[in-house]
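Participant: Can you read through this structure? Questions will come right after.
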Amino acid sequence: MSHPPVPLGTYPTPLEPAPRLAAALGLGPDDLWVKRDDLTGLGGGGNKIRKLEWTVGAALAEGADTLVTTGAPQSNHARLTAAVAARLGLDAVLVLRGSPGVSRSGNLALDGLLGARLHWAGQVDQAGLNSAAAEVCARLGERGARPALVPFGGSSTLGARGYVRCGEELRAQLPDLRTAVVALGSGGTMAGLVAALGTESVLGVDVGALADPAAAAAEFAAPLTAETVTADRLRVRRDQVGAGYATLTGPAAEALRLAARTEGIILDPVYTGRALAGLAAAVRDGAVRPGEKTVFVHTGGLPGLFGHAEAVAYAEESAVRHEL
């Protein structure tokens, strides 16, 4: 059964020119634009709001009173699930990988302010995290709650519908768009953009959240478009993962500094930092070319910066080096 989305964000999000960043990357001054999906509004903003409109809409239609979801300790999706629950008068339970006490800032601080309850699943893989969430839902049900399990990253074919709408916004804002560049994590954001814009018009930069994110994106996108979508037809860069999802890579660190100092735009170290590093690499190897309209999709994640010790140290060291 199809359920209507619940309105949660502020749309359309702005599409801003980025001429100084374009020049630094080797593009023309009119070539690069930034889709500000960090400005969706609720809970600090970010791409997960568009997906939650659909997944939570379905949960409400089924009578849920508690939202349960999974993620890493600094999950943007978990933070925004908590914000949506607060907005709608629901309870939120966040099932997080790891253990308490490792980090006390960033998204975790906002999770607490928003009233979410945390369940720490320990050092588990994705299957173990899913199992822990299922157990939490079962216990909640035994206590009389009506939990709805929101998928990891908000990503599913249903959640991807939010990014079909984003792709439609982009086409209206920039009709001659050639490439939209986006971080590829759990797959739903890229899937929706692919369904709206086509496989050749979206470049996903793997951030290391899943073993095979291209397969997930293709699975979510295929039911939403008449185009044949398979993992091998997607444009995906896999050269920015580095030592792993939670680490700060050298190219991502440089991307954080470059975006901040050319356009005053703040990225995060895991998703958008890697995505911009991937765009820089794509320009260098000719996958993205001068003279073509390129959009960098800013998916948010700023609070995660403040929970990432390596990124904070890098930023502070940069400031110290520039003392008068």
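Residues are referred to by chain and number: the chain letter is A, B, ... according to the order shown in the structure tokens, the number counts from 1 in that chain, and ligands are numbered separately from 1 in the order shown.
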Within 9 Å of Arg257 of chain A, counting only C-alpha atoms, which residues qualify if same-chain residues fewer than 3 places away don't, as a ChimeraX atom specification?
Facilitator: /A:252-254,260-262,266-267,315,318
Participant: Okay, now the selection with N, CA and C atoms, as a PDB file, in the first residue's frame?
Facilitator:
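Result saved to again.pdb:
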ATOM      1  N   ALA A 252      39.829  14.043   1.821  1.00  0.00           N
ATOM      2  CA  ALA A 252      38.635  14.609   2.453  1.00  0.00           C
ATOM      3  C   ALA A 252      38.994  15.807   3.327  1.00  0.00           C
ATOM      4  N   ALA A 253      40.114  15.712   4.048  1.00  0.00           N
ATOM      5  CA  ALA A 253      40.553  16.838   4.872  1.00  0.00           C
ATOM      6  C   ALA A 253      40.813  18.067   4.000  1.00  0.00           C
ATOM      7  N   GLU A 254      41.480  17.861   2.882  1.00  0.00           N
ATOM      8  CA  GLU A 254      41.743  18.982   1.980  1.00  0.00           C
ATOM      9  C   GLU A 254      40.437  19.528   1.401  1.00  0.00           C
ATOM     10  N   ALA A 260      35.503  25.384   2.632  1.00  0.00           N
ATOM     11  CA  ALA A 260      35.367  26.443   3.630  1.00  0.00           C
ATOM     12  C   ALA A 260      36.034  27.731   3.173  1.00  0.00           C
ATOM     13  N   ARG A 261      37.204  27.616   2.568  1.00  0.00           N
ATOM     14  CA  ARG A 261      37.984  28.813   2.258  1.00  0.00           C
ATOM     15  C   ARG A 261      37.663  29.429   0.903  1.00  0.00           C
ATOM     16  N   THR A 262      36.970  28.698   0.045  1.00  0.00           N
ATOM     17  CA  THR A 262      36.568  29.287  -1.237  1.00  0.00           C
ATOM     18  C   THR A 262      35.125  29.785  -1.213  1.00  0.00           C
ATOM     19  N   ILE A 266      30.648  24.625   4.909  1.00  0.00           N
ATOM     20  CA  ILE A 266      31.234  23.637   5.806  1.00  0.00           C
ATOM     21  C   ILE A 266      30.732  22.248   5.432  1.00  0.00           C
ATOM     22  N   LEU A 267      31.673  21.353   5.235  1.00  0.00           N
ATOM     23  CA  LEU A 267      31.354  19.959   4.929  1.00  0.00           C
ATOM     24  C   LEU A 267      31.616  19.094   6.158  1.00  0.00           C
ATOM     25  N   ALA A 315      41.115  20.739  11.891  1.00  0.00           N
ATOM     26  CA  ALA A 315      40.607  22.107  11.749  1.00  0.00           C
ATOM     27  C   ALA A 315      41.303  23.052  12.729  1.00  0.00           C
ATOM     28  N   SER A 318      44.814  23.818  11.627  1.00  0.00           N
ATOM     29  CA  SER A 318      44.827  24.769  10.518  1.00  0.00           C
ATOM     30  C   SER A 318      44.712  26.189  11.035  1.00  0.00           C
TER      31      SER A 318
END
Participant: Tell me which of A:Tyr11, A:Arg146, A:Ala22, A:Gln173 sits closest to Leu276 of chain A, counting only C-alpha atoms.
Facilitator: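 Residue with the minimum atom-to-atom distance to Leu276 of chain A: A:Ala22.
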Participant: Out of segment 211-259 of chain A, which residues get helix (DSSP H, G or I) from DSSP, as a list in words?
Facilitator: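 Matching residues, listed in order: Pro213, Ala214, Ala215, Ala216, Ala217, Ala218, Glu219, Phe220, Ala221, Ala222, Pro223, Leu224, Ala231, Asp232, Arg233, Gly250, Pro251, Ala252, Ala253, Glu254, Ala255, Leu256, Arg257, Leu258 and Ala259 of chain A.
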Participant: Those same residues - N, CA, C and O atoms - I'd like them written as a tab-separated table (two decimals), in the first residue's frame.
Facilitator:
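The file below, again.tsv, is the result:
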chain	number	residue	atom	x	y	z
A	213	PRO	N	27.64	-0.55	-1.90
A	213	PRO	CA	26.59	0.46	-1.95
A	213	PRO	C	25.97	0.62	-3.34
A	213	PRO	O	24.81	1.02	-3.45
A	214	ALA	N	26.72	0.32	-4.39
A	214	ALA	CA	26.17	0.44	-5.74
A	214	ALA	C	25.02	-0.54	-5.93
A	214	ALA	O	24.00	-0.21	-6.55
A	215	ALA	N	25.17	-1.75	-5.40
A	215	ALA	CA	24.09	-2.73	-5.50
A	215	ALA	C	22.85	-2.25	-4.76
A	215	ALA	O	21.71	-2.42	-5.24
A	216	ALA	N	23.05	-1.65	-3.58
A	216	ALA	CA	21.91	-1.14	-2.82
A	216	ALA	C	21.23	-0.01	-3.58
A	216	ALA	O	19.99	0.01	-3.69
A	217	ALA	N	22.01	0.93	-4.12
A	217	ALA	CA	21.42	2.05	-4.86
A	217	ALA	C	20.64	1.55	-6.07
A	217	ALA	O	19.54	2.04	-6.36
A	218	ALA	N	21.19	0.58	-6.79
A	218	ALA	CA	20.49	0.04	-7.95
A	218	ALA	C	19.19	-0.65	-7.56
A	218	ALA	O	18.15	-0.50	-8.22
A	219	GLU	N	19.23	-1.39	-6.46
A	219	GLU	CA	18.02	-2.08	-5.98
A	219	GLU	C	16.92	-1.09	-5.63
A	219	GLU	O	15.75	-1.29	-5.98
A	220	PHE	N	17.27	0.01	-4.97
A	220	PHE	CA	16.27	0.99	-4.58
A	220	PHE	C	15.76	1.79	-5.78
A	220	PHE	O	14.60	2.18	-5.82
A	221	ALA	N	16.63	2.04	-6.75
A	221	ALA	CA	16.25	2.89	-7.89
A	221	ALA	C	15.41	2.16	-8.92
A	221	ALA	O	14.52	2.76	-9.55
A	222	ALA	N	15.67	0.87	-9.12
A	222	ALA	CA	15.06	0.14	-10.23
A	222	ALA	C	13.53	0.24	-10.27
A	222	ALA	O	12.96	0.46	-11.35
A	223	PRO	N	12.81	0.12	-9.13
A	223	PRO	CA	11.35	0.21	-9.21
A	223	PRO	C	10.81	1.61	-9.48
A	223	PRO	O	9.61	1.77	-9.71
A	224	LEU	N	11.68	2.63	-9.45
A	224	LEU	CA	11.23	4.02	-9.54
A	224	LEU	C	11.40	4.63	-10.92
A	224	LEU	O	11.05	5.78	-11.13
A	231	ALA	N	23.82	-2.27	-10.88
A	231	ALA	CA	24.99	-1.70	-10.22
A	231	ALA	C	26.08	-1.32	-11.21
A	231	ALA	O	26.75	-0.29	-11.07
A	232	ASP	N	26.28	-2.15	-12.25
A	232	ASP	CA	27.36	-1.88	-13.19
A	232	ASP	C	27.07	-0.71	-14.12
A	232	ASP	O	27.98	-0.22	-14.80
A	233	ARG	N	25.84	-0.24	-14.15
A	233	ARG	CA	25.50	0.91	-14.99
A	233	ARG	C	25.61	2.24	-14.23
A	233	ARG	O	25.52	3.30	-14.83
A	250	GLY	N	43.18	11.98	3.77
A	250	GLY	CA	43.86	13.20	3.35
A	250	GLY	C	43.06	14.01	2.34
A	250	GLY	O	42.90	15.24	2.50
A	251	PRO	N	42.54	13.38	1.27
A	251	PRO	CA	41.75	14.14	0.30
A	251	PRO	C	40.49	14.75	0.90
A	251	PRO	O	40.11	15.87	0.55
A	252	ALA	N	39.83	14.04	1.82
A	252	ALA	CA	38.63	14.61	2.45
A	252	ALA	C	38.99	15.81	3.33
A	252	ALA	O	38.27	16.81	3.36
A	253	ALA	N	40.11	15.71	4.05
A	253	ALA	CA	40.55	16.84	4.87
A	253	ALA	C	40.81	18.07	4.00
A	253	ALA	O	40.40	19.19	4.33
A	254	GLU	N	41.48	17.86	2.88
A	254	GLU	CA	41.74	18.98	1.98
A	254	GLU	C	40.44	19.53	1.40
A	254	GLU	O	40.29	20.74	1.24
A	255	ALA	N	39.47	18.65	1.14
A	255	ALA	CA	38.17	19.10	0.62
A	255	ALA	C	37.44	19.96	1.66
A	255	ALA	O	36.81	20.96	1.30
A	256	LEU	N	37.51	19.57	2.93
A	256	LEU	CA	36.89	20.37	3.98
A	256	LEU	C	37.45	21.79	3.97
A	256	LEU	O	36.70	22.78	4.03
A	257	ARG	N	38.77	21.88	3.90
A	257	ARG	CA	39.41	23.19	3.92
A	257	ARG	C	39.10	23.98	2.65
A	257	ARG	O	38.83	25.19	2.71
A	258	LEU	N	39.10	23.31	1.51
A	258	LEU	CA	38.87	23.99	0.23
A	258	LEU	C	37.47	24.59	0.17
A	258	LEU	O	37.30	25.76	-0.21
A	259	ALA	N	36.44	23.82	0.53
A	259	ALA	CA	35.07	24.33	0.49
A	259	ALA	C	34.89	25.50	1.45
A	259	ALA	O	34.22	26.49	1.14
Participant: Write out as a list of chain:residue names each polymer residue whose atoms come within 8 Å of Gly57 of chain A, counting only C-alpha atoms; drop sequence neighbours fewer than 6 positions from it.
Facilitator: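 Here the qualifying residues turn out to be A:His3, A:Pro4, A:Pro5, A:Val6.
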Participant: Would you mind exporting C-alpha atoms of the selected residues as a compact mmCIF listing (two decimals), in the first residue's frame?
Facilitator:
# COMPACT_ATOMS: atom_id res chain seq x y z
CA HIS A 3 1.17 6.11 1.91
CA PRO A 4 1.55 9.86 1.46
CA PRO A 5 4.71 11.51 2.77
CA VAL A 6 4.53 13.65 5.89
Participant: For segment 286-302 of chain A, work out the shell of residues within 7 Å, counting only C-alpha atoms and skipping chain neighbours fewer than 5 positions away, then give it as a VMD selection string.
Facilitator: chain A and resid 27 to 28 31 to 38 45 to 47 76 176 to 182 266 to 268 272
Participant: Between atom CA of Asn107 of chain A and atom CA of Gln74 of chain A, what is the spacing in Å?
Facilitator: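 Separation of atom CA of Gln74 of chain A and atom CA of Asn107 of chain A: 5.2 Å.
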Participant: Taking 3 positions as the minimum chain separation for residues in the same chain, which residues sit within 10 Å of Trp54 of chain A when counting only C-alpha atoms? Answer as a VMD selection string.
Facilitator: chain A and resid 2 to 8 49 to 51 57 to 60 154 156 to 162
Participant: Keeping only C-alpha atoms, write the selected residues as a PDB file, in the first residue's frame.
Facilitator:
ATOM      1  CA  SER A   2       1.260   3.488  -0.841  1.00  0.00           C
ATOM      2  CA  HIS A   3       1.174   6.105   1.910  1.00  0.00           C
ATOM      3  CA  PRO A   4       1.545   9.861   1.460  1.00  0.00           C
ATOM      4  CA  PRO A   5       4.709  11.507   2.771  1.00  0.00           C
ATOM      5  CA  VAL A   6       4.528  13.651   5.893  1.00  0.00           C
ATOM      6  CA  PRO A   7       5.826  17.180   5.180  1.00  0.00           C
ATOM      7  CA  LEU A   8       8.940  17.883   7.258  1.00  0.00           C
ATOM      8  CA  ILE A  49      14.746  14.541   5.984  1.00  0.00           C
ATOM      9  CA  ARG A  50      13.570  13.918   2.415  1.00  0.00           C
ATOM     10  CA  LYS A  51      13.682  10.151   2.977  1.00  0.00           C
ATOM     11  CA  GLY A  57       4.609   8.738   6.567  1.00  0.00           C
ATOM     12  CA  ALA A  58       4.198   4.979   6.169  1.00  0.00           C
ATOM     13  CA  ALA A  59       4.884   4.418   9.877  1.00  0.00           C
ATOM     14  CA  LEU A  60       2.203   6.925  10.872  1.00  0.00           C
ATOM     15  CA  GLY A 154      16.486   5.897   5.766  1.00  0.00           C
ATOM     16  CA  SER A 156      14.778   1.937   0.781  1.00  0.00           C
ATOM     17  CA  THR A 157      12.798   2.249  -2.415  1.00  0.00           C
ATOM     18  CA  LEU A 158      10.182   4.142  -0.423  1.00  0.00           C
ATOM     19  CA  GLY A 159      12.712   6.497   1.152  1.00  0.00           C
ATOM     20  CA  ALA A 160      14.398   7.074  -2.213  1.00  0.00           C
ATOM     21  CA  ARG A 161      11.212   8.757  -3.430  1.00  0.00           C
ATOM     22  CA  GLY A 162      12.345  11.795  -1.470  1.00  0.00           C
TER      23      GLY A 162
END
Participant: Taking only C-alpha atoms into account, which of A:Pro19, A:Val270, A:Gly144, A:Phe152 comes nearest Gln240 of chain A?
Facilitator: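 Under the stated criterion, the closest residue is A:Val270.
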